[in-house]
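Source file: work-v1.txt. Holds: compact mmCIF, N, CA and C atoms.
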# COMPACT_ATOMS: atom_id res chain seq x y z
N MET A 527 32.04 157.45 30.51
CA MET A 527 31.78 156.05 30.21
C MET A 527 30.61 155.90 29.25
N ARG A 528 29.59 156.76 29.45
CA ARG A 528 28.41 156.67 28.59
C ARG A 528 28.76 156.99 27.14
N GLY A 529 29.66 157.97 26.97
CA GLY A 529 30.09 158.33 25.62
C GLY A 529 30.79 157.18 24.92
N ILE A 530 31.63 156.46 25.68
CA ILE A 530 32.34 155.31 25.11
C ILE A 530 31.34 154.23 24.69
N LEU A 531 30.34 153.99 25.53
CA LEU A 531 29.32 152.99 25.19
C LEU A 531 28.53 153.42 23.96
N ASN A 532 28.22 154.72 23.85
CA ASN A 532 27.50 155.21 22.68
C ASN A 532 28.32 155.04 21.41
N ILE A 533 29.61 155.36 21.49
CA ILE A 533 30.48 155.21 20.32
C ILE A 533 30.61 153.73 19.95
N ALA A 534 30.80 152.87 20.95
CA ALA A 534 30.90 151.43 20.68
C ALA A 534 29.60 150.92 20.05
N GLY A 535 28.46 151.37 20.56
CA GLY A 535 27.18 150.96 19.99
C GLY A 535 27.02 151.43 18.56
N PHE A 536 27.47 152.65 18.29
CA PHE A 536 27.41 153.19 16.92
C PHE A 536 28.24 152.34 15.97
N TRP A 537 29.48 152.02 16.37
CA TRP A 537 30.34 151.24 15.50
C TRP A 537 29.81 149.81 15.33
N LEU A 538 29.27 149.23 16.39
CA LEU A 538 28.69 147.90 16.29
C LEU A 538 27.48 147.93 15.35
N GLY A 539 26.63 148.93 15.49
CA GLY A 539 25.48 149.07 14.61
C GLY A 539 25.89 149.23 13.16
N THR A 540 26.91 150.03 12.93
CA THR A 540 27.42 150.23 11.57
C THR A 540 27.96 148.92 11.02
N TYR A 541 28.70 148.18 11.83
CA TYR A 541 29.24 146.90 11.39
C TYR A 541 28.12 145.94 11.00
N VAL A 542 27.09 145.87 11.82
CA VAL A 542 25.97 144.96 11.54
C VAL A 542 25.27 145.36 10.25
N ILE A 543 25.04 146.65 10.07
CA ILE A 543 24.38 147.12 8.84
C ILE A 543 25.22 146.79 7.61
N LEU A 544 26.54 147.01 7.70
CA LEU A 544 27.40 146.73 6.55
C LEU A 544 27.47 145.24 6.24
N ARG A 545 27.50 144.41 7.28
CA ARG A 545 27.50 142.96 7.06
C ARG A 545 26.17 142.52 6.42
N PHE A 546 25.06 143.12 6.87
CA PHE A 546 23.76 142.83 6.29
C PHE A 546 23.74 143.24 4.82
N TRP A 547 24.32 144.39 4.50
CA TRP A 547 24.43 144.88 3.13
C TRP A 547 25.19 143.87 2.28
N GLN A 548 26.31 143.35 2.81
CA GLN A 548 27.07 142.35 2.07
C GLN A 548 26.25 141.08 1.86
N TRP A 549 25.51 140.68 2.86
CA TRP A 549 24.69 139.48 2.74
C TRP A 549 23.65 139.66 1.64
N ILE A 550 23.02 140.85 1.60
CA ILE A 550 22.03 141.13 0.55
C ILE A 550 22.68 141.05 -0.82
N GLU A 551 23.90 141.64 -0.96
CA GLU A 551 24.60 141.56 -2.24
C GLU A 551 24.91 140.12 -2.62
N LEU A 552 25.30 139.31 -1.64
CA LEU A 552 25.56 137.90 -1.93
C LEU A 552 24.30 137.19 -2.41
N GLU A 553 23.18 137.50 -1.79
CA GLU A 553 21.91 136.88 -2.18
C GLU A 553 21.47 137.34 -3.57
N MET A 554 21.66 138.62 -3.87
CA MET A 554 21.18 139.16 -5.14
C MET A 554 22.14 138.90 -6.30
N TYR A 555 23.44 139.12 -6.06
CA TYR A 555 24.42 139.07 -7.15
C TYR A 555 25.36 137.88 -7.05
N GLU A 556 25.28 137.11 -5.98
CA GLU A 556 26.13 135.96 -5.72
C GLU A 556 27.60 136.34 -5.55
N GLU A 557 27.88 137.61 -5.32
CA GLU A 557 29.22 138.09 -4.99
C GLU A 557 29.09 139.49 -4.39
N VAL A 558 30.08 139.85 -3.59
CA VAL A 558 30.12 141.20 -3.04
C VAL A 558 30.79 142.07 -4.08
N GLN A 559 30.06 143.07 -4.54
CA GLN A 559 30.59 143.96 -5.57
C GLN A 559 31.15 145.20 -4.89
N VAL A 560 32.44 145.41 -5.04
CA VAL A 560 33.09 146.56 -4.44
C VAL A 560 32.91 147.75 -5.39
N ARG A 561 32.21 148.74 -4.89
CA ARG A 561 31.97 149.95 -5.69
C ARG A 561 32.32 151.15 -4.83
N SER A 562 32.91 152.14 -5.44
CA SER A 562 33.31 153.33 -4.69
C SER A 562 32.09 154.09 -4.18
N VAL A 563 30.97 153.98 -4.87
CA VAL A 563 29.77 154.68 -4.42
C VAL A 563 29.28 154.12 -3.08
N ASP A 564 29.46 152.84 -2.84
CA ASP A 564 29.10 152.25 -1.55
C ASP A 564 29.92 152.89 -0.43
N THR A 565 31.20 153.08 -0.68
CA THR A 565 32.06 153.70 0.32
C THR A 565 31.64 155.13 0.60
N VAL A 566 31.35 155.87 -0.44
CA VAL A 566 30.94 157.28 -0.28
C VAL A 566 29.64 157.36 0.51
N ILE A 567 28.66 156.56 0.16
CA ILE A 567 27.37 156.59 0.85
C ILE A 567 27.54 156.17 2.31
N THR A 568 28.38 155.18 2.57
CA THR A 568 28.61 154.74 3.95
C THR A 568 29.23 155.84 4.78
N VAL A 569 30.23 156.52 4.24
CA VAL A 569 30.88 157.62 4.96
C VAL A 569 29.90 158.75 5.21
N LEU A 570 29.10 159.10 4.21
CA LEU A 570 28.10 160.16 4.39
C LEU A 570 27.07 159.76 5.44
N TRP A 571 26.64 158.50 5.44
CA TRP A 571 25.67 158.04 6.43
C TRP A 571 26.25 158.12 7.83
N MET A 572 27.51 157.68 7.98
CA MET A 572 28.14 157.73 9.29
C MET A 572 28.29 159.17 9.77
N ALA A 573 28.67 160.08 8.86
CA ALA A 573 28.80 161.49 9.24
C ALA A 573 27.44 162.05 9.67
N PHE A 574 26.38 161.72 8.94
CA PHE A 574 25.05 162.19 9.29
C PHE A 574 24.62 161.70 10.67
N VAL A 575 24.87 160.44 10.94
CA VAL A 575 24.50 159.88 12.24
C VAL A 575 25.27 160.56 13.37
N LEU A 576 26.56 160.75 13.18
CA LEU A 576 27.37 161.40 14.21
C LEU A 576 26.94 162.85 14.44
N ILE A 577 26.68 163.58 13.37
CA ILE A 577 26.22 164.96 13.50
C ILE A 577 24.88 165.01 14.23
N ALA A 578 23.96 164.13 13.87
CA ALA A 578 22.65 164.10 14.53
C ALA A 578 22.81 163.75 16.01
N TYR A 579 23.68 162.80 16.32
CA TYR A 579 23.89 162.40 17.71
C TYR A 579 24.42 163.57 18.53
N PHE A 580 25.48 164.22 18.03
CA PHE A 580 26.09 165.30 18.80
C PHE A 580 25.18 166.52 18.88
N LYS A 581 24.39 166.80 17.83
CA LYS A 581 23.44 167.90 17.90
C LYS A 581 22.36 167.60 18.92
N GLY A 582 21.84 166.39 18.91
CA GLY A 582 20.82 166.01 19.89
C GLY A 582 21.36 166.06 21.31
N ARG A 583 22.57 165.62 21.47
CA ARG A 583 23.20 165.66 22.79
C ARG A 583 23.41 167.10 23.25
N SER A 584 23.85 167.95 22.32
CA SER A 584 24.05 169.37 22.63
C SER A 584 22.73 170.03 23.00
N ASP A 585 21.70 169.76 22.24
CA ASP A 585 20.38 170.34 22.54
C ASP A 585 19.88 169.88 23.90
N GLY A 586 20.10 168.64 24.23
CA GLY A 586 19.67 168.11 25.52
C GLY A 586 20.39 168.79 26.67
N HIS A 587 21.69 169.05 26.50
CA HIS A 587 22.44 169.74 27.54
C HIS A 587 21.98 171.17 27.69
N MET A 588 21.59 171.81 26.59
CA MET A 588 21.09 173.18 26.67
C MET A 588 19.78 173.22 27.44
N ASP A 589 18.92 172.24 27.22
CA ASP A 589 17.65 172.18 27.94
C ASP A 589 17.89 172.07 29.45
N ILE A 590 18.84 171.23 29.83
CA ILE A 590 19.15 171.05 31.26
C ILE A 590 19.71 172.34 31.84
N ASP A 591 20.61 173.01 31.09
CA ASP A 591 21.18 174.27 31.57
C ASP A 591 20.10 175.34 31.73
N ASN A 592 19.19 175.43 30.76
CA ASN A 592 18.11 176.42 30.84
C ASN A 592 17.17 176.11 32.01
N GLU A 593 16.93 174.84 32.24
CA GLU A 593 16.07 174.44 33.36
C GLU A 593 16.71 174.85 34.69
N ARG A 594 17.98 174.68 34.80
CA ARG A 594 18.68 175.06 36.03
C ARG A 594 18.63 176.58 36.24
N ARG A 595 18.80 177.34 35.19
CA ARG A 595 18.78 178.81 35.29
C ARG A 595 17.38 179.32 35.64
N ASN A 596 16.37 178.67 35.10
CA ASN A 596 15.00 179.14 35.33
C ASN A 596 14.36 178.53 36.57
N GLY A 597 15.11 177.77 37.32
CA GLY A 597 14.58 177.19 38.54
C GLY A 597 13.61 176.04 38.29
N GLY A 598 13.71 175.41 37.14
CA GLY A 598 12.88 174.25 36.86
C GLY A 598 11.55 174.57 36.21
N SER A 599 11.30 175.83 35.88
CA SER A 599 10.02 176.17 35.24
C SER A 599 10.27 176.49 33.77
N ASN A 600 9.45 175.88 32.94
CA ASN A 600 9.52 176.15 31.49
C ASN A 600 8.18 176.56 30.98
Taking this structure as input, can you express it in the form of structure tokens?
Amino acid sequence: MRGILNIAGFWLGTYVILRFWQWIELEMYEEVQVRSVDTVITVLWMAFVLIAYFKGRSDGHMDIDNERRNGGSN
């Protein structure tokens, strides 16, 4: 369940950021300019966030496993 909430939070956060980006473009250029570079940067950003999330989660699980093996002493 926690994973589903994390994924939903990620997508909601991404949606809010992208809507904010569109609002800034409307304020600056008075229109939303569709550019392929925006799509590329968005996909790269999303990939970076997901990789960081799963690496952090993996590292956290390793710490818990090591703590269990060592009897709680680090």
Rounded to one decimal in Å, what is the spacing between CA of Thr565 (chain A) and atom N of Gln548 (chain A)?
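Going from CA of Thr565 (chain A) over to atom N of Gln548 (chain A), I get 12.1 Å.
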Give the helix (DSSP H, G or I) residues of chain A, as assigned by DSSP on the backbone, as a PyMOL selection string.
chain A and resi 528-555+562-595
Nearest to Trp571 (chain A), chosen from A:Phe536, A:Arg528, A:Arg583, A:Trp549, with only C-alpha atoms counted in the distances
A:Phe536
Please compute the atom N of Tyr541 (chain A)-atom C of Glu556 (chain A) distance, one decimal, in Å.
21.1 Å
What lies within 12 Å of Asp564 (chain A) using only C-alpha atoms, ignoring chain neighbours under 4 positions off, as a PyMOL selection string?
chain A and resi 544+547-548+551+558-560+568-571
Interatomic distance (Å, one decimal) between CA of Asn532 (chain A) and CA of Phe546 (chain A)
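One can read the CA of Asn532 (chain A) to CA of Phe546 (chain A) distance as 20.9 Å.
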